[in-house]
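Next comes my_file_31.tsv, with TSV, C-alpha atoms.
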```tsv
chain	number	residue	atom	x	y	z
P	1	MET	CA	180.18	280.19	206.40
P	2	THR	CA	182.80	277.52	207.12
P	3	PHE	CA	186.17	278.18	208.77
P	4	ALA	CA	188.00	277.01	205.63
P	5	PHE	CA	186.02	279.43	203.45
P	6	ALA	CA	186.75	282.33	205.82
P	7	MET	CA	190.47	281.47	205.85
P	8	ASP	CA	190.52	281.36	202.05
P	9	TRP	CA	189.11	284.88	201.88
P	10	LEU	CA	191.53	286.19	204.50
P	11	ASN	CA	194.37	284.58	202.58
P	12	LEU	CA	193.22	286.16	199.33
P	13	LEU	CA	192.72	289.65	200.80
P	14	PHE	CA	196.00	289.70	202.72
P	15	ARG	CA	197.87	288.34	199.68
P	16	TRP	CA	196.31	291.00	197.45
P	17	ALA	CA	197.19	293.76	199.90
P	18	HIS	CA	200.70	292.33	200.35
P	19	VAL	CA	201.35	292.42	196.60
P	20	ILE	CA	200.01	295.98	196.27
P	21	VAL	CA	202.02	297.55	199.10
P	22	GLY	CA	205.03	295.37	198.24
P	23	ILE	CA	205.09	296.79	194.73
P	24	GLY	CA	204.99	300.27	196.25
P	25	TRP	CA	207.89	299.55	198.60
P	26	ILE	CA	210.06	297.85	196.00
P	27	GLY	CA	209.30	300.55	193.48
P	28	THR	CA	210.36	303.37	195.78
P	29	SER	CA	213.47	301.45	196.87
P	30	PHE	CA	214.58	300.84	193.30
P	31	TYR	CA	213.70	304.37	192.26
P	32	PHE	CA	215.61	306.18	195.00
P	33	ILE	CA	218.71	303.99	194.66
P	34	ALA	CA	218.67	304.64	190.90
P	35	LEU	CA	218.07	308.35	191.56
P	36	ASP	CA	221.01	308.58	193.98
P	37	LEU	CA	223.28	306.87	191.49
P	38	SER	CA	222.19	309.12	188.62
P	39	LEU	CA	222.75	312.46	190.37
P	40	ARG	CA	225.26	314.75	188.68
P	41	LYS	CA	227.00	317.94	189.76
P	42	ARG	CA	226.03	320.79	187.46
P	43	GLU	CA	226.79	324.47	187.13
P	44	GLY	CA	224.52	326.86	188.98
P	45	MET	CA	223.36	324.40	191.66
P	46	LYS	CA	221.88	325.84	194.85
P	47	GLU	CA	223.91	325.99	198.03
P	48	GLY	CA	223.91	322.66	199.84
P	49	VAL	CA	222.78	320.67	196.80
P	50	ALA	CA	224.92	317.56	196.24
P	51	GLY	CA	223.65	316.80	192.76
P	52	THR	CA	220.69	316.96	190.42
P	53	ALA	CA	218.97	314.72	187.90
P	54	TRP	CA	216.78	315.46	184.92
P	55	GLU	CA	214.09	312.85	184.23
P	56	VAL	CA	211.23	312.35	181.81
P	57	HIS	CA	208.14	310.23	182.39
P	58	GLY	CA	204.57	310.25	181.17
P	59	GLY	CA	205.12	313.21	178.89
P	60	GLY	CA	206.51	315.42	181.68
P	61	PHE	CA	210.01	316.57	182.61
P	62	TYR	CA	211.25	316.52	186.20
P	63	HIS	CA	214.25	318.23	187.80
P	64	VAL	CA	215.24	316.57	191.07
P	65	GLU	CA	217.76	317.96	193.56
P	66	LYS	CA	219.42	316.15	196.45
P	67	TYR	CA	220.77	318.10	199.39
P	68	THR	CA	223.91	316.98	201.22
P	69	VAL	CA	221.90	316.79	204.46
P	70	ALA	CA	218.77	318.95	204.25
P	71	PRO	CA	217.85	322.52	203.28
P	72	LYS	CA	217.52	325.20	205.95
P	73	GLU	CA	213.74	325.00	205.73
P	74	LEU	CA	211.44	322.09	205.01
P	75	PRO	CA	207.81	322.33	203.83
P	76	ASP	CA	204.92	320.98	205.87
P	77	ASP	CA	203.96	318.61	203.05
P	78	LEU	CA	207.28	316.76	203.04
P	79	ILE	CA	206.63	313.20	201.77
P	80	TRP	CA	207.94	310.30	203.85
P	81	TYR	CA	208.13	306.98	202.02
P	82	LYS	CA	207.59	304.63	204.94
P	83	TRP	CA	204.09	303.16	204.97
P	84	GLU	CA	204.79	301.00	201.94
P	85	ALA	CA	207.48	299.18	203.93
P	86	TYR	CA	205.46	299.01	207.15
P	87	LEU	CA	202.35	297.64	205.46
P	88	THR	CA	204.33	295.17	203.36
P	89	TRP	CA	205.61	293.57	206.57
P	90	VAL	CA	202.23	293.75	208.33
P	91	THR	CA	200.36	292.12	205.45
P	92	GLY	CA	203.16	289.58	204.97
P	93	PHE	CA	203.07	288.57	208.63
P	94	ALA	CA	199.28	288.38	208.46
P	95	LEU	CA	199.65	285.96	205.54
P	96	LEU	CA	202.16	283.93	207.55
P	97	VAL	CA	199.62	283.69	210.38
P	98	VAL	CA	196.65	282.78	208.18
P	99	MET	CA	198.51	280.36	205.90
P	100	TYR	CA	201.16	278.80	208.11
P	101	TYR	CA	200.32	279.42	211.77
P	102	PHE	CA	196.63	278.47	211.56
P	103	ASN	CA	197.52	275.50	209.32
P	104	ALA	CA	200.80	274.56	210.95
P	105	SER	CA	200.17	270.82	210.80
P	106	ALA	CA	199.55	270.97	207.04
P	107	TYR	CA	201.94	273.65	205.77
P	108	LEU	CA	204.58	274.28	208.41
P	109	ILE	CA	205.34	270.95	210.07
P	110	ASP	CA	206.79	267.86	208.43
P	111	PRO	CA	207.11	265.01	210.98
P	112	SER	CA	209.81	263.39	208.85
P	113	VAL	CA	211.93	266.53	209.32
P	114	LEU	CA	211.10	267.30	212.95
P	115	PRO	CA	207.96	266.25	214.88
P	116	LEU	CA	206.69	269.52	216.33
P	117	ARG	CA	203.53	270.66	218.02
P	118	PRO	CA	201.87	273.59	216.19
P	119	LEU	CA	202.50	275.93	219.13
P	120	ASP	CA	206.20	275.00	219.18
P	121	ALA	CA	206.48	275.59	215.43
P	122	VAL	CA	204.91	279.04	215.75
P	123	ALA	CA	207.13	279.93	218.72
P	124	ILE	CA	210.28	279.00	216.78
P	125	SER	CA	209.05	281.16	213.89
P	126	VAL	CA	208.49	284.28	215.99
P	127	ILE	CA	211.71	283.90	217.99
P	128	SER	CA	213.79	283.35	214.85
P	129	LEU	CA	212.41	286.49	213.15
P	130	VAL	CA	213.23	288.61	216.20
P	131	ALA	CA	216.65	287.01	216.69
P	132	GLY	CA	217.51	287.53	213.02
P	133	TRP	CA	217.00	291.27	213.28
P	134	VAL	CA	218.92	291.57	216.56
P	135	ILE	CA	221.96	289.69	215.22
P	136	TYR	CA	221.92	291.59	211.92
P	137	ASP	CA	221.60	294.95	213.70
P	138	GLN	CA	224.49	294.18	216.02
P	139	LEU	CA	226.65	293.15	213.08
P	140	CYS	CA	225.97	296.48	211.37
P	141	LYS	CA	226.73	298.46	214.54
P	142	SER	CA	229.89	296.51	215.34
P	143	PRO	CA	233.34	297.26	213.84
P	144	ILE	CA	232.42	294.72	211.14
P	145	GLY	CA	229.84	297.23	209.87
P	146	LYS	CA	232.61	299.60	208.79
P	147	ASN	CA	234.00	297.02	206.38
P	148	THR	CA	231.44	296.63	203.58
P	149	PRO	CA	232.75	293.37	202.02
P	150	LEU	CA	233.16	291.73	205.44
P	151	LEU	CA	229.70	292.87	206.54
P	152	ALA	CA	228.16	291.53	203.30
P	153	PHE	CA	229.83	288.16	203.92
P	154	CYS	CA	228.61	288.06	207.54
P	155	VAL	CA	225.02	288.89	206.52
P	156	PHE	CA	225.24	286.18	203.86
P	157	VAL	CA	226.40	283.67	206.52
P	158	LEU	CA	223.58	284.79	208.85
P	159	ILE	CA	220.93	284.16	206.19
P	160	MET	CA	222.52	280.83	205.27
P	161	ALA	CA	222.54	279.76	208.94
P	162	ALA	CA	218.85	280.67	209.18
P	163	ALA	CA	218.11	278.74	205.97
P	164	PHE	CA	219.95	275.66	207.26
P	165	MET	CA	218.03	275.84	210.53
P	166	PHE	CA	214.64	276.32	208.87
P	167	THR	CA	215.18	273.39	206.47
P	168	HIS	CA	215.96	271.15	209.45
P	169	VAL	CA	212.93	272.30	211.44
P	170	TYR	CA	210.05	272.95	209.00
P	171	SER	CA	208.54	271.44	205.88
P	172	GLY	CA	210.10	272.48	202.58
P	173	ARG	CA	207.43	275.08	201.94
P	174	GLY	CA	207.57	276.34	205.50
P	175	ALA	CA	211.37	276.56	205.43
P	176	LEU	CA	211.78	278.73	202.33
P	177	ILE	CA	208.87	281.01	203.17
P	178	HIS	CA	210.55	281.57	206.53
P	179	VAL	CA	213.82	282.48	204.85
P	180	GLY	CA	211.81	285.12	202.99
P	181	ALA	CA	210.12	286.27	206.20
P	182	PHE	CA	213.51	286.34	207.98
P	183	VAL	CA	215.06	288.61	205.34
P	184	GLY	CA	211.85	290.63	204.90
P	185	THR	CA	211.73	291.35	208.63
P	186	ILE	CA	215.30	292.64	208.55
P	187	MET	CA	214.40	294.89	205.63
P	188	ALA	CA	211.20	296.24	207.22
P	189	VAL	CA	212.81	296.96	210.60
P	190	ASN	CA	215.67	298.69	208.76
P	191	VAL	CA	213.05	301.19	207.58
P	192	PHE	CA	211.03	301.33	210.81
P	193	GLY	CA	213.91	301.21	213.29
P	194	ILE	CA	216.82	302.90	211.52
P	195	ILE	CA	216.16	304.76	208.27
P	196	ILE	CA	213.05	306.77	209.20
P	197	PRO	CA	214.04	307.52	212.85
P	198	ASN	CA	217.50	308.68	211.76
P	199	GLN	CA	216.01	310.89	209.06
P	200	LYS	CA	213.66	312.44	211.61
P	201	LYS	CA	216.56	313.14	213.97
P	202	ILE	CA	218.47	314.84	211.15
P	203	ALA	CA	215.46	316.97	210.24
P	204	ALA	CA	214.86	317.92	213.88
P	205	SER	CA	218.49	319.02	214.31
P	206	LEU	CA	218.32	321.18	211.22
P	207	MET	CA	215.06	322.77	212.30
P	208	ALA	CA	216.67	323.57	215.65
P	209	GLY	CA	219.64	325.20	213.95
P	210	GLU	CA	222.00	322.43	215.06
P	211	ALA	CA	224.50	320.43	213.01
P	212	PRO	CA	223.09	316.92	212.50
P	213	ASP	CA	225.17	313.87	213.29
P	214	PRO	CA	226.54	312.66	209.90
P	215	ALA	CA	226.67	309.09	211.26
P	216	LEU	CA	222.86	309.02	211.25
P	217	GLY	CA	222.70	309.62	207.52
P	218	ALA	CA	225.49	307.13	206.82
P	219	MET	CA	223.71	304.44	208.83
P	220	GLY	CA	220.41	305.08	207.06
P	221	LYS	CA	222.12	304.93	203.67
P	222	GLN	CA	223.84	301.65	204.60
P	223	ARG	CA	220.55	299.98	205.55
P	224	SER	CA	218.82	301.32	202.45
P	225	VAL	CA	221.49	299.78	200.22
P	226	HIS	CA	221.17	296.47	202.09
P	227	ASN	CA	217.43	296.48	201.44
P	228	ASN	CA	218.05	297.17	197.78
P	229	TYR	CA	220.36	294.18	197.34
P	230	LEU	CA	218.13	291.84	199.35
P	231	THR	CA	214.94	292.64	197.42
P	232	LEU	CA	215.38	290.26	194.47
P	233	PRO	CA	216.28	287.21	196.60
P	234	VAL	CA	213.43	287.80	199.04
P	235	LEU	CA	210.93	288.07	196.18
P	236	LEU	CA	211.88	284.62	194.94
P	237	MET	CA	211.66	283.18	198.46
P	238	MET	CA	208.13	284.53	198.77
P	239	VAL	CA	206.93	282.73	195.63
P	240	SER	CA	209.01	279.59	196.24
P	241	ASN	CA	206.04	277.55	197.51
P	242	HIS	CA	204.79	277.40	193.91
P	243	TYR	CA	207.95	275.54	192.89
P	244	PRO	CA	208.47	272.17	194.60
P	245	MET	CA	211.78	271.75	192.77
P	246	LEU	CA	213.01	274.40	195.24
P	247	THR	CA	211.02	273.67	198.39
P	248	GLY	CA	211.27	269.90	198.02
P	249	HIS	CA	215.00	269.78	197.34
P	250	PRO	CA	216.95	267.85	199.99
P	251	HIS	CA	219.53	270.63	200.10
P	252	ALA	CA	217.23	273.64	199.75
P	253	TRP	CA	219.46	275.74	201.99
P	254	LEU	CA	222.18	275.53	199.32
P	255	LEU	CA	219.67	276.76	196.76
P	256	VAL	CA	219.10	279.75	199.06
P	257	ALA	CA	222.82	280.55	198.73
P	258	LEU	CA	222.50	280.51	194.94
P	259	ILE	CA	219.37	282.67	195.04
P	260	LEU	CA	221.21	285.25	197.17
P	261	LEU	CA	224.12	285.21	194.72
P	262	ILE	CA	221.95	285.45	191.60
P	263	GLY	CA	219.71	288.22	192.94
P	264	GLY	CA	222.60	290.19	194.41
P	265	MET	CA	224.62	290.07	191.20
P	266	VAL	CA	221.69	291.16	189.03
P	267	ARG	CA	220.97	294.01	191.41
P	268	HIS	CA	224.65	295.04	191.42
P	269	PHE	CA	224.75	295.12	187.62
P	270	LEU	CA	221.66	297.33	187.47
P	271	ASN	CA	222.94	299.65	190.21
P	272	ARG	CA	226.33	300.17	188.60
P	273	HIS	CA	224.67	300.69	185.22
P	274	ASP	CA	222.40	303.36	186.75
P	275	ALA	CA	225.48	304.98	188.28
P	276	GLY	CA	227.02	305.32	184.82
P	277	ASP	CA	230.10	303.25	185.67
P	278	PRO	CA	232.13	301.89	182.74
P	279	ILE	CA	230.87	298.38	182.01
P	280	ALA	CA	234.45	297.10	182.31
P	281	LYS	CA	234.11	297.58	186.07
P	282	PHE	CA	231.02	295.44	186.56
P	283	TRP	CA	230.59	293.19	183.49
P	284	TRP	CA	231.34	290.13	185.63
P	285	ALA	CA	228.10	290.48	187.65
P	286	LEU	CA	225.75	289.03	185.03
P	287	PRO	CA	228.00	286.07	184.09
P	288	THR	CA	228.26	285.29	187.81
P	289	ALA	CA	224.46	285.36	188.10
P	290	ALA	CA	224.20	283.16	184.99
P	291	ALA	CA	226.67	280.66	186.46
P	292	GLY	CA	224.68	280.54	189.70
P	293	THR	CA	221.49	279.94	187.73
P	294	LEU	CA	223.10	277.09	185.80
P	295	VAL	CA	224.22	275.43	189.03
P	296	ALA	CA	220.68	275.77	190.43
P	297	ILE	CA	219.21	274.21	187.28
P	298	ILE	CA	221.64	271.28	187.48
P	299	MET	CA	220.90	270.79	191.20
P	300	THR	CA	217.14	270.67	190.60
P	301	ALA	CA	217.24	268.50	187.45
P	302	PRO	CA	214.45	265.86	187.62
P	303	ARG	CA	215.22	262.19	188.11
P	304	ASP	CA	214.57	259.87	185.17
P	305	TYR	CA	211.96	257.20	186.02
P	306	SER	CA	211.80	255.52	182.62
P	307	GLY	CA	212.90	251.92	182.27
P	308	GLY	CA	211.54	250.61	185.57
P	309	ASP	CA	209.41	247.51	186.11
P	310	LEU	CA	205.78	247.74	185.01
P	311	VAL	CA	203.53	249.25	187.70
P	312	ALA	CA	199.86	248.21	187.73
P	313	ASP	CA	197.09	250.81	187.67
P	314	ALA	CA	195.57	249.22	190.78
P	315	ARG	CA	198.77	249.83	192.77
P	316	VAL	CA	198.83	253.50	191.76
P	317	ILE	CA	195.18	253.96	192.76
P	318	GLU	CA	196.00	252.36	196.11
P	319	ILE	CA	198.80	254.90	196.65
P	320	SER	CA	196.59	257.78	195.57
P	321	GLN	CA	193.73	256.76	197.85
P	322	ALA	CA	196.11	256.53	200.81
P	323	HIS	CA	198.00	259.78	200.27
P	324	CYS	CA	196.25	262.05	197.74
P	325	ALA	CA	192.50	261.56	197.60
P	326	THR	CA	191.82	262.66	201.18
P	327	CYS	CA	192.20	266.21	199.84
P	328	HIS	CA	192.08	265.83	196.06
P	329	ALA	CA	188.58	264.40	195.79
P	330	ALA	CA	185.09	265.51	194.85
P	331	ALA	CA	184.26	265.37	198.55
P	332	PRO	CA	187.52	265.77	200.54
P	333	THR	CA	187.71	264.07	203.92
P	334	TYR	CA	190.68	266.13	205.13
P	335	ASP	CA	189.68	268.67	207.77
P	336	GLY	CA	189.80	272.23	206.42
P	337	PHE	CA	189.10	271.47	202.75
P	338	ASP	CA	185.58	271.90	201.37
P	339	GLU	CA	186.66	271.09	197.82
P	340	ALA	CA	189.67	269.68	196.01
P	341	PRO	CA	192.59	272.17	196.11
P	342	LYS	CA	192.79	274.00	192.77
P	343	GLY	CA	190.01	271.70	191.54
P	344	ILE	CA	192.46	268.82	191.08
P	345	GLU	CA	190.88	265.42	191.81
P	346	LEU	CA	193.05	262.30	192.00
P	347	GLU	CA	190.57	259.50	192.62
P	348	THR	CA	190.79	257.61	189.33
P	349	VAL	CA	193.39	256.49	186.80
P	350	GLU	CA	192.01	259.07	184.36
P	351	HIS	CA	192.54	261.81	186.95
P	352	LEU	CA	196.11	260.70	187.57
P	353	ARG	CA	196.88	260.66	183.85
P	354	ARG	CA	195.33	264.11	183.39
P	355	TYR	CA	197.41	265.67	186.18
P	356	ALA	CA	200.48	263.45	185.75
P	357	ASP	CA	202.93	266.34	185.35
P	358	LEU	CA	201.69	268.03	188.52
P	359	VAL	CA	201.77	264.78	190.47
P	360	MET	CA	205.31	264.15	189.24
P	361	ALA	CA	206.46	267.61	190.36
P	362	GLN	CA	204.65	267.71	193.69
P	363	ALA	CA	204.75	264.11	194.97
P	364	VAL	CA	207.52	262.32	193.07
P	365	GLN	CA	210.35	264.70	192.26
P	366	SER	CA	209.75	266.43	195.60
P	367	ASP	CA	207.94	265.71	198.84
P	368	ALA	CA	205.80	268.84	198.71
P	369	MET	CA	202.72	266.59	198.72
P	370	PRO	CA	201.03	265.27	200.73
P	371	LEU	CA	201.01	268.38	202.93
P	372	GLY	CA	203.47	267.90	205.75
P	373	ASN	CA	203.61	264.24	204.67
P	374	GLU	CA	201.00	263.60	207.35
P	375	THR	CA	200.05	260.30	205.71
P	376	GLY	CA	203.64	259.06	205.79
P	377	MET	CA	204.14	258.53	202.06
P	378	THR	CA	207.34	256.51	201.60
P	379	GLN	CA	210.10	257.00	199.04
P	380	GLU	CA	209.24	253.59	197.58
P	381	GLU	CA	205.66	254.75	196.93
P	382	ARG	CA	206.92	257.95	195.31
P	383	ASP	CA	209.23	255.94	193.08
P	384	LEU	CA	206.41	253.60	192.05
P	385	LEU	CA	204.21	256.58	191.20
P	386	GLY	CA	207.03	258.15	189.19
P	387	THR	CA	207.66	254.92	187.29
P	388	TRP	CA	203.95	254.56	186.47
P	389	ILE	CA	203.74	258.16	185.19
P	390	ALA	CA	206.80	257.60	182.98
P	391	GLN	CA	205.12	254.49	181.55
P	392	GLN	CA	202.07	256.51	180.47
P	393	LYS	CA	204.09	258.52	177.95
```
Can I see the file as structure tokens?
Amino acid sequence: MTFAFAMDWLNLLFRWAHVIVGIGWIGTSFYFIALDLSLRKREGMKEGVAGTAWEVHGGGFYHVEKYTVAPKELPDDLIWYKWEAYLTWVTGFALLVVMYYFNASAYLIDPSVLPLRPLDAVAISVISLVAGWVIYDQLCKSPIGKNTPLLAFCVFVLIMAAAFMFTHVYSGRGALIHVGAFVGTIMAVNVFGIIIPNQKKIAASLMAGEAPDPALGAMGKQRSVHNNYLTLPVLLMMVSNHYPMLTGHPHAWLLVALILLIGGMVRHFLNRHDAGDPIAKFWWALPTAAAGTLVAIIMTAPRDYSGGDLVADARVIEISQAHCATCHAAAPTYDGFDEAPKGIELETVEHLRRYADLVMAQAVQSDAMPLGNETGMTQEERDLLGTWIAQQK
């Protein structure tokens, strides 16, 4: 068994697990926010109940009650929704290690952005994830945390600062995946460090016959809402490495701003709809998201390569042999690859014509390929390749 084969299986298994537990976490987050917003006061409610909701699913009817703090007694089989969040972060970090730390030279480092040693790149990653949580947590606990619009703006600026830093340190793929990891770490530690511990303190006080501190519940609710609004943007960051128009953009950190805006506005529309608010109060959210999407589309519009001077097939093969065929070949020579990635071979003119659209997206319209630009592919070579592809149509 080769090292590359073992890493492929670890990548697959961790990715599979990450998707499974991530769905569980996101599902519970969306469900409980929607549940909170749908609660209604009704006649005949029990003492201490803040509201109830009637729901139907799978042929069954459910009556859910929410207590203002907690009932006087709690059952032994009380369900805590926490492991979905914990395991989402654990599997996500494991993926970061397998994909980006072990292959830092290929996926994380781009010498044209910043020449780093793999150990330095990993150290920056770990430190930034820890620092992101610490700064965010202090913002929430400071007087700023009592002003929701100001806090939202400050968190937005924090994420943007991280995005700007990552895009000036790592490769395009490495940068956006780290924005996702940065936000995902904040979300996971919100659950592990704030929401669950505070809920346990409240339950313990009630069991001891003491009045719980209402600030604990308010803080947990605040972090839960933050997680809810950050979910849609972080999901797109996590799949961004499949879209070089995002990762290869020279101003990718500005695209991050648009992604935060688009995801936040969509989430706000859905939340206010679930709350039963009149649409006149939140209609603007979807048009704002649509406007952000339009700006992103315009920013990532492909360059037109038609009309250039004729490029010879031999010149294109020369470029491919120098920058593509070390990996994309029947027998790759690049260390760590036993076969051509995704089965795409780029050794002949026929190969290049067959995969022209992929080559255009990955190596012409963006610098996603070659990995980390280790071979030093120049902009002139990318332009020649783009011109040749345009001439084939």
Between P:Gly292, P:Gly172, P:Pro115, P:Gly209, which one has atoms that come closest to Ala252 in chain P, using all atoms listed in the file?
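When distances to Ala252 in chain P are compared using all atoms listed in the file, the smallest one comes from P:Gly172.
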Coordinates-based distance that separates CA of Gly51 in chain P from CA of Glu65 in chain P (Å, one decimal)
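Computed distance, CA of Glu65 in chain P to CA of Gly51 in chain P, equals 6.1 Å.
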Considering all atoms listed in the file, can you say which of P:Glu55, P:Asp8, P:Asp76, P:Asp274 comes closest to Ala34 in chain P?
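Nearest to Ala34 in chain P: P:Asp274.
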Return the padded bounding box of range 35-41 of chain P as JSON: axis-aligned, built from all atoms listed in the file, 4 Å added on each side, with centre and edge lengths in Å to one decimal.
```
{"center_x": 222.5, "center_y": 312.4, "center_z": 191.3, "size_x": 16.9, "size_y": 19.1, "size_z": 13.4}
```
Taking only C-alpha atoms into account, name the residue in P:Leu216, P:Arg267, P:Phe5, P:Ala329 that is nearest to Lys141 in chain P.
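Between P:Leu216, P:Arg267, P:Phe5, P:Ala329, the residue approaching Lys141 in chain P most closely is P:Leu216.
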Once you count only C-alpha atoms, what closest atom pair and distance in Å to one decimal does each residue of range 161-246 of chain P within 10 Å of range 348-368 of chain P have, with rows by chain and rising residue number, as a tab-separated table?
```
residue	atom	partner	partner_atom	distance
P:Ser171	CA	P:Ala368	CA	8.1
P:Gly172	CA	P:Ala368	CA	6.8
P:Arg173	CA	P:Ala368	CA	7.2
P:Asn241	CA	P:Ala368	CA	8.8
P:His242	CA	P:Gln362	CA	9.7
P:Tyr243	CA	P:Ala361	CA	8.5
P:Pro244	CA	P:Ala368	CA	5.9
P:Met245	CA	P:Ser366	CA	6.4
P:Leu246	CA	P:Ser366	CA	8.6
```
For Gln138 in chain P, which of P:Ile124, P:Val155, P:Leu294, P:Leu13 is the closest residue, counting only C-alpha atoms?
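Closest to Gln138 in chain P of all the choices is P:Val155.
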Here is a test: counting all atoms listed in the file, which residue of P:Thr300, P:Met377, P:Ser142, P:Asn103 is nearest to Glu318 in chain P?
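Among P:Thr300, P:Met377, P:Ser142, P:Asn103, it is P:Met377 that comes nearest to Glu318 in chain P.
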In Å, with one decimal, what is the gap from CA of Val189 in chain P to CA of Thr68 in chain P?
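Going from CA of Val189 in chain P over to CA of Thr68 in chain P, I get 24.7 Å.
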